[in-house]
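Notes for the one structure printed next.
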Amino acid sequence: MSRFFIISLLKIVLSRRYLLSILVFFGIFSFSPALKAQALLPYTPELNQDFFDNYGSQLLQDAVQLTRFQEYELAVSRAKLAVQLSPNRYEPWFILGTLEIQSNNLEQGVKALQEAKKLAPQQADVLFSLGNSYFQVGDYEASVKELQAGLKINTEVPQSYFDLGNAYFKLTKYSEAIASYQQAVKLEAEFWPAINNIGLIKYEQGKIDQAIESWRKALKIDSKQAEPTLAIAVGLYAQGKQEEAVKLGQTALKMDNSYGSIEFLKENLWGEKLLNDTRKFFTNKDIEPLVKKETSSN
């Protein structure tokens with residue numbers, strides 16, 4: 001599970017009001033038609049970097065607003081223009097990088113975030129976003145490094161401890177992963193994804209009862225979550241408790257059929273032991289009709 005909170009992250013950076021609107025910008029640059037006799041040149045105002053910074057800030061604000069409507073292409077174009085206007089400020093690079101990652105332009109996103117880090121190496125939000133982007137491109141060691149650096153600056157971000165746990169998970173450093181997830185829960189008691197992922201690790205360690213216990217804890221926080229519901233079903237099925245398992249599995253897949261895809265489960269950090277048992281579970285005659293067609297043969 002490696003998602004969440006993109007808009008709130010962007011809003012953190014935009015902490016001040018913006019002085020100039022787009023209309024003002026175009027008003028300044030709109031001159032009268034050329035005079036027939038060029039005895040007098042039209043007045044050209046002297047614009048300093050503060051002007052461009054202010055206009056760039058307005059573009060960033062527009063970009064963040066566009067993400068609310070999932071207009072990522074338009075948001076990215078505004079962020080790119082903001083970078084051109086204010087290349088020495090970290091905020092445009094940070095927002096551009098975050099939007100590129102959100103748009104699945106991973107390489108461009110990482111490069112933009114690296115630029116943001118050069119300009120603001122002590123900005124925890126930049127480090128957190130860069131760490132998350134490294135995770136998405138599969139560089140888990142770099143992800144751990146950036147997330148740890150960010151958490152040294154700001155220790156109160158449960159989402160970043162969760163991301164750190166995910167990176168450790170991919171590196172099969174299970175003890176470190178569990179400790180990171182536990183810290184996320186310590187900061188936010190109802191952070192069920194961290195509890196859920198502790199269950200994923202326990203299952204890979206062969207501790208099925210402890211895994212099921214973690215998933216039940218996650219469901220106590222939010223009973224409508226398909227992932228822990230399906231995970232419990234798979235665990236119970238592996239233990240031979242087929243009737244209860246099938247009922248839970250049907251409930252989970254009716255909640256969210258995305259979890260009927262083995263590829264989707266891989267993306268959500270389900271390990272090989274759990275996936276192998278899931279494949280067996282998906283062949284059950286009462287579960288198979290609910291499984292996504294592209295994964296029913298796995």
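Chain labels run A, B, ... following the order of the structure tokens; each chain numbers its residues from 1, and ligands are numbered from 1 in the order shown.
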
Worksheet item: So which residues of segment 119-293 of chain A fall under helix (DSSP H, G or I) by DSSP, listed as a PyMOL selection string?
Response: chain A and resi 119+124-136+140-153+158-170+174-187+192-204+208-221+226-238+242-255+257-260+262-267+272-282+288-290+293

Worksheet item: With only C-alpha atoms as the basis for distance, which of A:Val137, A:Ala82, A:Leu290, A:Leu113 is at the shortest distance from Ser258 of chain A?
Response: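 Answer, going by the shortest atom-to-atom distance: A:Leu290.
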
Practice prompt. Using only C-alpha atoms, determine which residues lie at most 7 Å from Ile178 of chain A, disregarding the query and same-chain residues fewer than 4 positions distant; provide the list as a list in words.
Written response: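 Final neighbour list, sorted by chain and number: Gly165, Tyr174, Gln182 and Ile198 of chain A.
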